[in-house]
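Undergrad: Pasting final05.txt below, which is compact mmCIF, C-alpha atoms.
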```
# COMPACT_ATOMS: atom_id res chain seq x y z
CA MET N 114 189.21 58.60 -31.97
CA ARG N 115 187.10 60.95 -34.08
CA GLN N 116 183.40 61.09 -34.91
CA GLY N 117 182.14 60.98 -38.50
CA THR N 118 178.77 61.47 -40.10
CA LEU N 119 177.16 61.45 -43.54
CA ARG N 120 173.72 61.51 -45.12
CA TRP N 121 172.72 58.49 -47.17
CA LEU N 122 169.70 57.88 -49.36
CA SER N 123 167.47 55.03 -48.14
CA PRO N 124 164.23 53.85 -49.76
CA ALA N 125 162.47 55.92 -47.06
CA GLY N 126 164.47 59.12 -47.67
CA PHE N 127 167.75 60.52 -46.46
CA GLN N 128 169.11 59.22 -43.17
CA THR N 129 172.20 59.90 -41.05
CA LEU N 130 174.97 57.33 -40.64
CA ARG N 131 177.50 57.89 -37.86
CA TRP N 132 180.80 56.23 -37.12
CA THR N 133 183.93 56.40 -35.01
CA GLU N 134 187.20 56.80 -36.87
CA TRP N 135 190.74 55.99 -35.79
CA GLY N 136 194.24 56.54 -37.16
CA PRO N 137 195.85 58.95 -39.62
CA GLU N 138 193.60 60.38 -42.32
CA GLY N 139 196.10 59.29 -44.96
CA GLY N 140 196.21 55.70 -43.75
CA ALA N 141 194.99 52.73 -45.80
CA PRO N 142 191.33 52.32 -44.79
CA VAL N 143 189.76 49.48 -42.84
CA LEU N 144 185.98 49.18 -42.42
CA CYS N 145 184.73 47.33 -39.32
CA VAL N 146 181.06 46.32 -39.41
CA HIS N 147 179.37 45.00 -36.28
CA GLY N 148 176.78 42.31 -35.55
CA LEU N 149 173.00 42.44 -35.42
CA THR N 150 172.43 44.09 -32.04
CA ARG N 151 175.83 45.68 -31.56
CA SER N 152 177.54 48.95 -32.54
CA GLY N 153 180.77 50.21 -34.04
CA ARG N 154 182.21 50.76 -30.57
CA ASP N 155 182.67 46.98 -30.26
CA PHE N 156 185.81 47.45 -32.36
CA ASP N 157 187.53 50.07 -30.16
CA VAL N 158 190.32 47.71 -29.07
CA LEU N 159 190.98 46.37 -32.57
CA ALA N 160 190.67 49.80 -34.18
CA GLU N 161 193.17 51.34 -31.78
CA ALA N 162 195.66 48.56 -32.53
CA LEU N 163 195.25 48.93 -36.30
CA ALA N 164 195.51 52.71 -36.04
CA ALA N 165 198.83 52.28 -34.23
CA GLN N 166 200.05 50.51 -37.38
CA GLY N 167 199.09 53.51 -39.52
CA ARG N 168 195.68 52.29 -40.69
CA ARG N 169 192.64 54.56 -40.94
CA VAL N 170 189.79 52.62 -39.33
CA PHE N 171 186.07 53.32 -39.79
CA CYS N 172 183.61 51.74 -37.34
CA PRO N 173 180.05 52.68 -38.34
CA ASP N 174 176.85 52.16 -36.41
CA LEU N 175 174.48 50.42 -38.80
CA PRO N 176 171.07 52.07 -39.29
CA GLY N 177 168.95 51.68 -36.17
CA ARG N 178 171.97 51.22 -33.90
CA GLY N 179 174.06 53.52 -31.76
CA GLY N 180 174.23 57.06 -33.10
CA SER N 181 172.81 56.31 -36.55
CA ASP N 182 169.22 57.17 -37.43
CA ARG N 183 166.43 54.70 -36.81
CA LEU N 184 164.57 53.87 -40.00
CA PRO N 185 160.91 54.92 -40.34
CA ASP N 186 159.96 51.56 -41.85
CA PRO N 187 161.31 48.65 -39.75
CA MET N 188 160.96 46.26 -42.71
CA LEU N 189 163.99 48.07 -44.16
CA TYR N 190 166.23 46.53 -41.50
CA VAL N 191 167.72 43.99 -43.91
CA PRO N 192 171.25 43.50 -45.32
CA PRO N 193 170.59 45.20 -48.72
CA THR N 194 169.63 48.39 -46.87
CA TYR N 195 172.78 48.24 -44.76
CA VAL N 196 174.89 47.72 -47.87
CA VAL N 197 173.38 50.85 -49.43
CA ALA N 198 174.28 52.85 -46.33
CA LEU N 199 177.80 51.41 -46.19
CA GLY N 200 178.17 51.99 -49.93
CA HIS N 201 177.93 55.73 -49.28
CA LEU N 202 180.80 55.41 -46.80
CA LEU N 203 182.84 53.30 -49.23
CA ALA N 204 182.33 55.96 -51.89
CA ARG N 205 183.79 58.53 -49.52
CA MET N 206 186.89 56.34 -49.07
CA ASP N 207 187.20 56.09 -52.87
CA GLY N 208 189.75 53.30 -53.04
CA PRO N 209 190.77 49.84 -51.81
CA VAL N 210 189.58 48.95 -48.31
CA ASP N 211 189.92 46.00 -45.96
CA TRP N 212 186.61 44.79 -44.48
CA ILE N 213 186.15 43.22 -41.04
CA GLY N 214 182.63 41.93 -40.52
CA THR N 215 181.25 40.27 -37.40
CA SER N 216 178.09 38.20 -37.96
CA LEU N 217 175.69 40.56 -39.82
CA GLY N 218 178.72 42.66 -40.76
CA GLY N 219 180.10 39.54 -42.45
CA ILE N 220 176.92 39.11 -44.51
CA CYS N 221 177.26 42.72 -45.67
CA GLY N 222 180.91 42.11 -46.50
CA MET N 223 180.09 39.07 -48.61
CA LEU N 224 177.39 41.01 -50.48
CA VAL N 225 179.84 43.77 -51.33
CA ALA N 226 182.72 41.41 -52.17
CA ALA N 227 180.42 39.47 -54.54
CA THR N 228 179.63 42.63 -56.50
CA PRO N 229 181.62 43.42 -59.68
CA GLY N 230 184.04 46.30 -59.23
CA HIS N 231 184.00 46.13 -55.43
CA PRO N 232 186.82 47.85 -53.49
CA ILE N 233 187.52 45.13 -50.88
CA ARG N 234 191.19 44.12 -50.78
CA ARG N 235 191.02 41.66 -47.88
CA LEU N 236 187.96 40.30 -46.06
CA VAL N 237 187.63 39.11 -42.47
CA LEU N 238 184.48 37.10 -41.70
CA ASN N 239 184.06 36.81 -37.95
CA ASP N 240 181.78 33.83 -37.27
CA MET N 241 179.67 34.24 -40.38
CA GLY N 242 179.58 31.71 -43.19
CA SER N 243 177.81 30.59 -46.31
CA LEU N 244 175.02 28.85 -44.39
CA VAL N 245 173.22 30.03 -41.24
CA PRO N 246 171.22 27.18 -39.66
CA LYS N 247 167.51 27.51 -38.99
CA ALA N 248 168.00 26.74 -35.28
CA SER N 249 170.35 29.67 -34.73
CA LEU N 250 168.01 32.04 -36.61
CA GLU N 251 165.11 30.90 -34.42
CA ARG N 252 167.22 31.56 -31.32
CA ILE N 253 167.98 35.07 -32.56
CA ARG N 254 164.34 35.74 -33.45
CA ASP N 255 163.18 34.70 -29.98
CA TYR N 256 165.31 37.25 -28.12
CA LEU N 257 165.38 40.00 -30.74
CA GLY N 258 163.02 42.93 -30.50
CA ASN N 259 162.72 43.02 -26.72
CA ASP N 260 163.19 46.48 -25.27
CA PRO N 261 164.16 45.93 -21.63
CA THR N 262 164.75 48.70 -19.13
CA PHE N 263 167.63 48.50 -16.64
CA ALA N 264 168.05 50.41 -13.41
CA ASP N 265 171.63 51.37 -14.25
CA ILE N 266 174.69 50.47 -16.31
CA ALA N 267 175.65 47.73 -13.85
CA ALA N 268 172.33 45.96 -14.42
CA LEU N 269 172.70 46.27 -18.18
CA GLU N 270 176.23 44.87 -17.92
CA ARG N 271 174.92 41.80 -16.05
CA HIS N 272 172.45 41.27 -18.89
CA LEU N 273 175.19 41.50 -21.53
CA ARG N 274 177.44 39.10 -19.64
CA THR N 275 174.63 36.54 -19.93
CA VAL N 276 173.39 37.03 -23.49
CA HIS N 277 176.86 37.61 -24.93
CA ALA N 278 178.76 34.99 -22.94
CA PRO N 279 179.76 33.33 -26.27
CA PHE N 280 181.95 36.39 -26.98
CA GLY N 281 184.55 34.62 -24.86
CA LYS N 282 186.53 35.53 -21.78
CA LEU N 283 186.58 39.32 -21.43
CA THR N 284 188.02 41.48 -18.68
CA ASP N 285 185.78 43.41 -16.29
CA ALA N 286 186.86 46.60 -18.04
CA GLN N 287 185.88 45.20 -21.43
CA TRP N 288 182.43 44.14 -20.21
CA ARG N 289 181.93 47.59 -18.73
CA HIS N 290 182.99 49.16 -22.03
CA LEU N 291 180.44 47.06 -23.92
CA ALA N 292 177.76 48.03 -21.42
CA GLU N 293 178.52 51.73 -21.60
CA THR N 294 178.58 51.76 -25.40
CA SER N 295 175.42 49.60 -25.62
CA SER N 296 173.24 51.87 -23.51
CA ARG N 297 170.97 54.88 -23.91
CA ALA N 298 169.49 57.00 -21.15
CA LEU N 299 165.69 56.72 -20.91
CA PRO N 300 163.47 59.77 -20.39
CA GLY N 301 161.76 58.24 -17.36
CA GLY N 302 165.01 57.12 -15.77
CA GLY N 303 167.14 54.05 -16.09
CA VAL N 304 168.90 52.88 -19.23
CA GLY N 305 167.94 50.85 -22.27
CA LEU N 306 169.75 49.12 -25.11
CA HIS N 307 171.00 51.35 -27.90
CA TYR N 308 169.26 49.67 -30.83
CA ASP N 309 165.81 50.06 -32.34
CA PRO N 310 163.69 47.03 -31.33
CA GLY N 311 162.15 47.35 -34.80
CA ILE N 312 165.19 45.52 -36.21
CA ALA N 313 163.25 42.34 -35.35
CA ALA N 314 160.42 43.16 -37.78
CA PRO N 315 161.79 41.32 -40.85
CA MET N 316 161.99 38.07 -38.82
CA ARG N 317 158.47 38.25 -37.40
CA GLY N 318 155.55 36.36 -38.92
CA ILE N 319 157.60 34.35 -41.42
CA GLU N 320 158.71 30.76 -41.58
CA ILE N 321 162.32 30.50 -40.50
CA VAL N 322 164.51 28.33 -42.74
CA ASP N 323 168.25 27.90 -43.22
CA LEU N 324 169.82 31.04 -44.67
CA ASP N 325 171.83 29.76 -47.64
CA LEU N 326 174.33 32.36 -48.82
CA THR N 327 176.29 29.90 -50.95
CA PRO N 328 175.47 31.57 -54.31
CA ILE N 329 176.82 34.85 -52.92
CA TRP N 330 179.83 33.26 -51.23
CA LEU N 331 180.91 31.47 -54.42
CA ARG N 332 181.26 34.86 -56.14
CA VAL N 333 183.69 36.09 -53.48
CA GLU N 334 187.29 35.76 -54.67
CA THR N 335 188.88 38.17 -52.20
CA PRO N 336 191.53 36.81 -49.79
CA THR N 337 189.48 35.90 -46.73
CA LEU N 338 190.22 35.20 -43.09
CA LEU N 339 187.38 33.07 -41.72
CA ILE N 340 187.22 33.16 -37.92
CA ARG N 341 185.01 30.65 -36.16
CA GLY N 342 184.19 30.45 -32.47
CA ALA N 343 184.85 26.80 -31.65
CA ASP N 344 181.46 26.53 -29.91
CA SER N 345 179.49 28.55 -32.46
CA ASP N 346 175.96 27.44 -33.32
CA LEU N 347 175.77 29.92 -36.20
CA LEU N 348 178.87 29.03 -38.21
CA LEU N 349 178.90 25.24 -38.05
CA ARG N 350 182.25 23.52 -38.34
CA GLU N 351 181.25 21.60 -41.46
CA THR N 352 180.27 24.87 -43.15
CA ALA N 353 183.58 26.49 -42.19
CA LEU N 354 185.58 23.53 -43.48
CA GLN N 355 183.73 23.62 -46.81
CA MET N 356 184.42 27.33 -47.14
CA ALA N 357 188.09 26.76 -46.32
CA GLU N 358 188.45 24.38 -49.28
CA ARG N 359 188.67 27.44 -51.50
CA PRO N 360 192.31 28.51 -52.01
CA HIS N 361 191.86 32.14 -50.96
CA VAL N 362 190.39 31.26 -47.53
CA THR N 363 192.27 30.92 -44.22
CA LEU N 364 190.25 29.32 -41.40
CA VAL N 365 191.07 29.88 -37.73
CA GLU N 366 189.00 28.52 -34.84
CA ILE N 367 188.98 30.36 -31.51
CA GLU N 368 188.69 28.13 -28.46
CA GLY N 369 186.44 29.22 -25.62
CA CYS N 370 184.15 31.26 -27.86
CA GLY N 371 180.84 30.73 -29.55
CA HIS N 372 179.06 33.33 -31.65
CA ALA N 373 181.06 35.48 -32.00
CA PRO N 374 184.64 36.08 -30.83
CA ALA N 375 184.88 39.64 -29.47
CA LEU N 376 188.19 40.44 -31.24
CA MET N 377 189.38 42.12 -28.06
CA ASP N 378 192.13 39.93 -26.64
CA ALA N 379 195.73 40.29 -27.81
CA ALA N 380 195.84 37.03 -29.76
CA GLN N 381 192.67 37.77 -31.75
CA VAL N 382 193.80 41.33 -32.47
CA ALA N 383 197.17 40.04 -33.69
CA LEU N 384 195.45 37.46 -35.88
CA VAL N 385 193.44 40.11 -37.71
CA ARG N 386 196.29 42.62 -37.84
CA ASP N 387 198.71 40.10 -39.33
CA PHE N 388 196.20 38.93 -41.93
CA LEU N 389 195.53 42.47 -43.09
CA ALA N 390 199.26 43.10 -43.27
CA GLY N 391 199.53 40.19 -45.68
```
As structure tokens, please, write out the structure in this file.
TA:
Amino acid sequence: MRQGTLRWLSPAGFQTLRWTEWGPEGGAPVLCVHGLTRSGRDFDVLAEALAAQGRRVFCPDLPGRGGSDRLPDPMLYVPPTYVVALGHLLARMDGPVDWIGTSLGGICGMLVAATPGHPIRRLVLNDMGSLVPKASLERIRDYLGNDPTFADIAALERHLRTVHAPFGKLTDAQWRHLAETSSRALPGGGVGLHYDPGIAAPMRGIEIVDLDLTPIWLRVETPTLLIRGADSDLLLRETALQMAERPHVTLVEIEGCGHAPALMDAAQVALVRDFLAG
């Protein structure tokens, strides 16, 4: 694993984007983009497996998360901003790339794949579809933006085991990994979550409605693996089945998971690896 960094131009000036990188520098690139409150380190298990197959894997922290800069204007925490940041990284790759997007990372992937001249060869949408129901957005809004303090990593891990239980059955080591890579040391002691609570700003003070991405989705022609947690409240089964009616889409449901499968167990890793291998 290596660390990468670049400067990208946001509407509020230049910012720093950081990522972890795996595999040989000459390998065919894969871009793994995480969910709303997560970081690129969520993909360590998958990235290591893909790197072992000769792939070069980039796992960025989106702006306001992990090691990447927090944005001076929290209203910029929206998918078009993230796509601009990721576009700088895509330009550095300068060629075809496979995209794995969990939740928010899937929205970003659809936006890029719907753009003329895009570089995406194969697209993996992990529990993100063409319609996000109002109820799931309200659930996200209600917990987003809190900035809790924990006595130690063990306390933070207990919190993650509760709020991210829909990730599915993970080992103790995997939960500890998520806790360690989701934390930041606080000046007064204890630990906090790694992300800027300002990411909640775009969802505050507005009427929440269904997020209909259908016009974007219908412009995506890239071969797509659509993964749905069988208990997901964000990617409804009827939405997934409609998406799977298109000939370039393969739908797989993961039992025992909600929003969103962690892509850490051997079967899920193999599913993604085999799809990217074609």
Undergrad: Calculated over all atoms listed in the file, which of the candidates N:Cys172, N:Ala292, N:Leu119, N:Ile233 has the smallest distance to N:Asp157?
TA: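 Answer, going by the shortest atom-to-atom distance: N:Cys172.
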Undergrad: Please compute the atom CA of N:Leu163-atom CA of N:His147 distance, one decimal, in Å.
TA: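 One can read the atom CA of N:Leu163 to atom CA of N:His147 distance as 16.4 Å.
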Undergrad: Which one of N:Ser249, N:Ser296, N:Thr284, N:Gln116 sits closest to N:Ile266 if you count all atoms listed in the file?
TA: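 Checking each of N:Ser249, N:Ser296, N:Thr284, N:Gln116 against N:Ile266, counting all atoms listed in the file, the winner is N:Ser296.
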Undergrad: Need to verify the contact set: N:Glu334, 12 Å, only C-alpha atoms, exclusion of same-chain residues closer than 6 positions in sequence. Can you return it as a PyMOL selection string?
TA: chain N and resi 223-231+233-236+356+359-362
Undergrad: Ranking N:Glu293, N:Glu270, N:Asp325, N:Asp240 by minimum distance to N:Leu347 and counting only C-alpha atoms, which one comes first?
TA: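 Going through N:Glu293, N:Glu270, N:Asp325, N:Asp240 one by one, the smallest distance to N:Leu347 is for N:Asp240.
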Undergrad: How many Å lie between atom CA of N:Ala380 and atom CA of N:Leu306, rounded to one decimal?
TA: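 The value is 29.1 Å.
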Undergrad: Atom CA of N:Arg271 and atom CA of N:Tyr256 are how many Å apart?
TA: 16.1 Å
Undergrad: So which one's closest to N:Ala165, N:Pro137, N:Pro187, N:Gly177, N:Gly342? Using only C-alpha atoms, please.
TA: N:Pro137
Undergrad: Identify, on the basis of only C-alpha atoms, every residue whose closest approach to stretch 193-196 of chain N does not exceed 6 Å; exclude the query and any residue fewer than 3 positions from it along the same chain; express the result as a list in words.
TA: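 Near stretch 193-196 of chain N, the qualifying residues are Leu199, Gly200 and Cys221 of chain N.
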Undergrad: Return the single residue from N:Leu175, N:Leu130, N:Ala313, N:Val237 that is closest to N:Gln381, with distances computed using all atoms listed in the file.
TA: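 Of the candidates, the smallest distance to N:Gln381 is held by N:Val237.
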Undergrad: If the box runs along x, y and z of the file and leaves 8 Å on each side of stretch 289-300 of chain N, what are its centre and edge lengths in Å, one decimal, as AutoDock Vina command-line options?
TA:
```
--center_x 173.2 --center_y 53.4 --center_z -22.2 --size_x 35.5 --size_y 28.7 --size_z 22.9
```
Undergrad: My list of candidates is N:Val245, N:Met316, N:Leu299, N:Leu326. Which is closest to N:Asp346 when distances are computed with only C-alpha atoms?
TA: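 Smallest separation from N:Asp346 among the options: N:Val245.
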Undergrad: Which residues come within 9 Å of stretch 364-374 of chain N, counting only C-alpha atoms, excluding same-chain residues fewer than 3 positions away, as a PDB file with C-alpha atoms, in the frame of the given file?
TA:
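Final output, result_22.pdb:
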```pdb
ATOM      1  CA  GLY N 148     176.780  42.310 -35.550  1.00  0.00           C
ATOM      2  CA  THR N 215     181.250  40.270 -37.400  1.00  0.00           C
ATOM      3  CA  SER N 216     178.090  38.200 -37.960  1.00  0.00           C
ATOM      4  CA  ASN N 239     184.060  36.810 -37.950  1.00  0.00           C
ATOM      5  CA  ASP N 240     181.780  33.830 -37.270  1.00  0.00           C
ATOM      6  CA  MET N 241     179.670  34.240 -40.380  1.00  0.00           C
ATOM      7  CA  HIS N 277     176.860  37.610 -24.930  1.00  0.00           C
ATOM      8  CA  ALA N 278     178.760  34.990 -22.940  1.00  0.00           C
ATOM      9  CA  PRO N 279     179.760  33.330 -26.270  1.00  0.00           C
ATOM     10  CA  PHE N 280     181.950  36.390 -26.980  1.00  0.00           C
ATOM     11  CA  GLY N 281     184.550  34.620 -24.860  1.00  0.00           C
ATOM     12  CA  LYS N 282     186.530  35.530 -21.780  1.00  0.00           C
ATOM     13  CA  THR N 337     189.480  35.900 -46.730  1.00  0.00           C
ATOM     14  CA  LEU N 338     190.220  35.200 -43.090  1.00  0.00           C
ATOM     15  CA  LEU N 339     187.380  33.070 -41.720  1.00  0.00           C
ATOM     16  CA  ILE N 340     187.220  33.160 -37.920  1.00  0.00           C
ATOM     17  CA  ARG N 341     185.010  30.650 -36.160  1.00  0.00           C
ATOM     18  CA  GLY N 342     184.190  30.450 -32.470  1.00  0.00           C
ATOM     19  CA  ALA N 343     184.850  26.800 -31.650  1.00  0.00           C
ATOM     20  CA  ASP N 344     181.460  26.530 -29.910  1.00  0.00           C
ATOM     21  CA  SER N 345     179.490  28.550 -32.460  1.00  0.00           C
ATOM     22  CA  ASP N 346     175.960  27.440 -33.320  1.00  0.00           C
ATOM     23  CA  LEU N 347     175.770  29.920 -36.200  1.00  0.00           C
ATOM     24  CA  LEU N 348     178.870  29.030 -38.210  1.00  0.00           C
ATOM     25  CA  ALA N 353     183.580  26.490 -42.190  1.00  0.00           C
ATOM     26  CA  LEU N 354     185.580  23.530 -43.480  1.00  0.00           C
ATOM     27  CA  MET N 356     184.420  27.330 -47.140  1.00  0.00           C
ATOM     28  CA  ALA N 357     188.090  26.760 -46.320  1.00  0.00           C
ATOM     29  CA  MET N 377     189.380  42.120 -28.060  1.00  0.00           C
ATOM     30  CA  GLN N 381     192.670  37.770 -31.750  1.00  0.00           C
ATOM     31  CA  LEU N 384     195.450  37.460 -35.880  1.00  0.00           C
TER      32      LEU N 384
END
```
Undergrad: Do a neighbour search on N:Val304 at 9 Å with all atoms listed in the file, toss out local chain neighbours closer than 2 positions, and write the hits as an mmCIF file with C-alpha atoms, in the coordinates of the input.
TA:
```cif
data_model
loop_
_atom_site.group_PDB
_atom_site.id
_atom_site.type_symbol
_atom_site.label_atom_id
_atom_site.label_comp_id
_atom_site.auth_asym_id
_atom_site.auth_seq_id
_atom_site.Cartn_x
_atom_site.Cartn_y
_atom_site.Cartn_z
ATOM 1 C CA PRO N 261 164.160 45.930 -21.630
ATOM 2 C CA THR N 262 164.750 48.700 -19.130
ATOM 3 C CA PHE N 263 167.630 48.500 -16.640
ATOM 4 C CA ALA N 264 168.050 50.410 -13.410
ATOM 5 C CA ASP N 265 171.630 51.370 -14.250
ATOM 6 C CA ILE N 266 174.690 50.470 -16.310
ATOM 7 C CA LEU N 269 172.700 46.270 -18.180
ATOM 8 C CA SER N 296 173.240 51.870 -23.510
ATOM 9 C CA ARG N 297 170.970 54.880 -23.910
ATOM 10 C CA ALA N 298 169.490 57.000 -21.150
ATOM 11 C CA LEU N 299 165.690 56.720 -20.910
ATOM 12 C CA PRO N 300 163.470 59.770 -20.390
ATOM 13 C CA GLY N 302 165.010 57.120 -15.770
ATOM 14 C CA LEU N 306 169.750 49.120 -25.110
#
```
Undergrad: Is it possible to get the residues within 7 Å of (166.3, 33.1, -38.3) (coordinates as in the file, counting all atoms listed in the file) written as a CSV table (one decimal) with C-alpha atoms, keeping the file's coordinate frame?
TA:
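The result, written out as point.csv:
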```csv
chain,number,residue,atom,x,y,z
N,247,LYS,CA,167.5,27.5,-39.0
N,249,SER,CA,170.4,29.7,-34.7
N,250,LEU,CA,168.0,32.0,-36.6
N,251,GLU,CA,165.1,30.9,-34.4
N,253,ILE,CA,168.0,35.1,-32.6
N,254,ARG,CA,164.3,35.7,-33.4
N,316,MET,CA,162.0,38.1,-38.8
N,321,ILE,CA,162.3,30.5,-40.5
N,322,VAL,CA,164.5,28.3,-42.7
```
Undergrad: What's the 8 Å shell around N:Met114, counting only C-alpha atoms, without same-chain residues fewer than 5 positions away, as JSON, numbers by chain?
TA: {"N": [133, 134, 135, 136]}
Undergrad: Could N, CA and C atoms be built for stretch 244-270 of chain N and written out as a CSV table (one decimal), in the frame of the given file?
TA:
```
chain,number,residue,atom,x,y,z
N,244,LEU,N,176.3,29.4,-44.8
N,244,LEU,CA,175.0,28.8,-44.4
N,244,LEU,C,174.8,29.2,-42.9
N,245,VAL,N,173.6,29.8,-42.6
N,245,VAL,CA,173.2,30.0,-41.2
N,245,VAL,C,172.1,29.1,-40.9
N,246,PRO,N,172.2,28.2,-39.9
N,246,PRO,CA,171.2,27.2,-39.7
N,246,PRO,C,169.9,27.8,-39.1
N,247,LYS,N,168.8,27.1,-39.5
N,247,LYS,CA,167.5,27.5,-39.0
N,247,LYS,C,167.5,27.7,-37.5
N,248,ALA,N,168.1,26.7,-36.7
N,248,ALA,CA,168.0,26.7,-35.3
N,248,ALA,C,168.6,28.0,-34.7
N,249,SER,N,169.7,28.5,-35.3
N,249,SER,CA,170.4,29.7,-34.7
N,249,SER,C,169.5,30.9,-35.1
N,250,LEU,N,168.9,30.9,-36.3
N,250,LEU,CA,168.0,32.0,-36.6
N,250,LEU,C,166.8,32.1,-35.7
N,251,GLU,N,166.3,30.9,-35.3
N,251,GLU,CA,165.1,30.9,-34.4
N,251,GLU,C,165.5,31.4,-33.0
N,252,ARG,N,166.7,31.1,-32.6
N,252,ARG,CA,167.2,31.6,-31.3
N,252,ARG,C,167.3,33.1,-31.3
N,253,ILE,N,167.8,33.6,-32.4
N,253,ILE,CA,168.0,35.1,-32.6
N,253,ILE,C,166.6,35.7,-32.6
N,254,ARG,N,165.7,35.2,-33.4
N,254,ARG,CA,164.3,35.7,-33.4
N,254,ARG,C,163.7,35.8,-32.1
N,255,ASP,N,163.9,34.8,-31.3
N,255,ASP,CA,163.2,34.7,-30.0
N,255,ASP,C,163.6,35.8,-29.0
N,256,TYR,N,164.9,36.2,-29.1
N,256,TYR,CA,165.3,37.2,-28.1
N,256,TYR,C,165.3,38.6,-28.7
N,257,LEU,N,165.3,38.7,-30.1
N,257,LEU,CA,165.4,40.0,-30.7
N,257,LEU,C,164.1,40.8,-30.6
N,258,GLY,N,164.2,42.1,-30.5
N,258,GLY,CA,163.0,42.9,-30.5
N,258,GLY,C,162.5,43.3,-29.1
N,259,ASN,N,163.1,42.6,-28.1
N,259,ASN,CA,162.7,43.0,-26.7
N,259,ASN,C,163.3,44.4,-26.4
N,260,ASP,N,162.7,45.1,-25.6
N,260,ASP,CA,163.2,46.5,-25.3
N,260,ASP,C,163.2,46.6,-23.7
N,261,PRO,N,164.1,45.9,-23.1
N,261,PRO,CA,164.2,45.9,-21.6
N,261,PRO,C,164.7,47.2,-21.1
N,262,THR,N,164.3,47.5,-19.9
N,262,THR,CA,164.8,48.7,-19.1
N,262,THR,C,165.6,48.2,-18.0
N,263,PHE,N,166.7,48.9,-17.7
N,263,PHE,CA,167.6,48.5,-16.6
N,263,PHE,C,167.8,49.7,-15.7
N,264,ALA,N,167.9,49.4,-14.4
N,264,ALA,CA,168.0,50.4,-13.4
N,264,ALA,C,169.3,51.3,-13.6
N,265,ASP,N,170.4,50.6,-14.1
N,265,ASP,CA,171.6,51.4,-14.2
N,265,ASP,C,172.5,50.6,-15.2
N,266,ILE,N,173.7,51.1,-15.4
N,266,ILE,CA,174.7,50.5,-16.3
N,266,ILE,C,175.1,49.1,-15.8
N,267,ALA,N,175.2,49.0,-14.5
N,267,ALA,CA,175.6,47.7,-13.8
N,267,ALA,C,174.6,46.6,-14.2
N,268,ALA,N,173.4,47.0,-14.1
N,268,ALA,CA,172.3,46.0,-14.4
N,268,ALA,C,172.4,45.6,-15.9
N,269,LEU,N,172.6,46.6,-16.8
N,269,LEU,CA,172.7,46.3,-18.2
N,269,LEU,C,173.9,45.4,-18.5
N,270,GLU,N,175.0,45.7,-17.7
N,270,GLU,CA,176.2,44.9,-17.9
N,270,GLU,C,176.0,43.4,-17.5
```
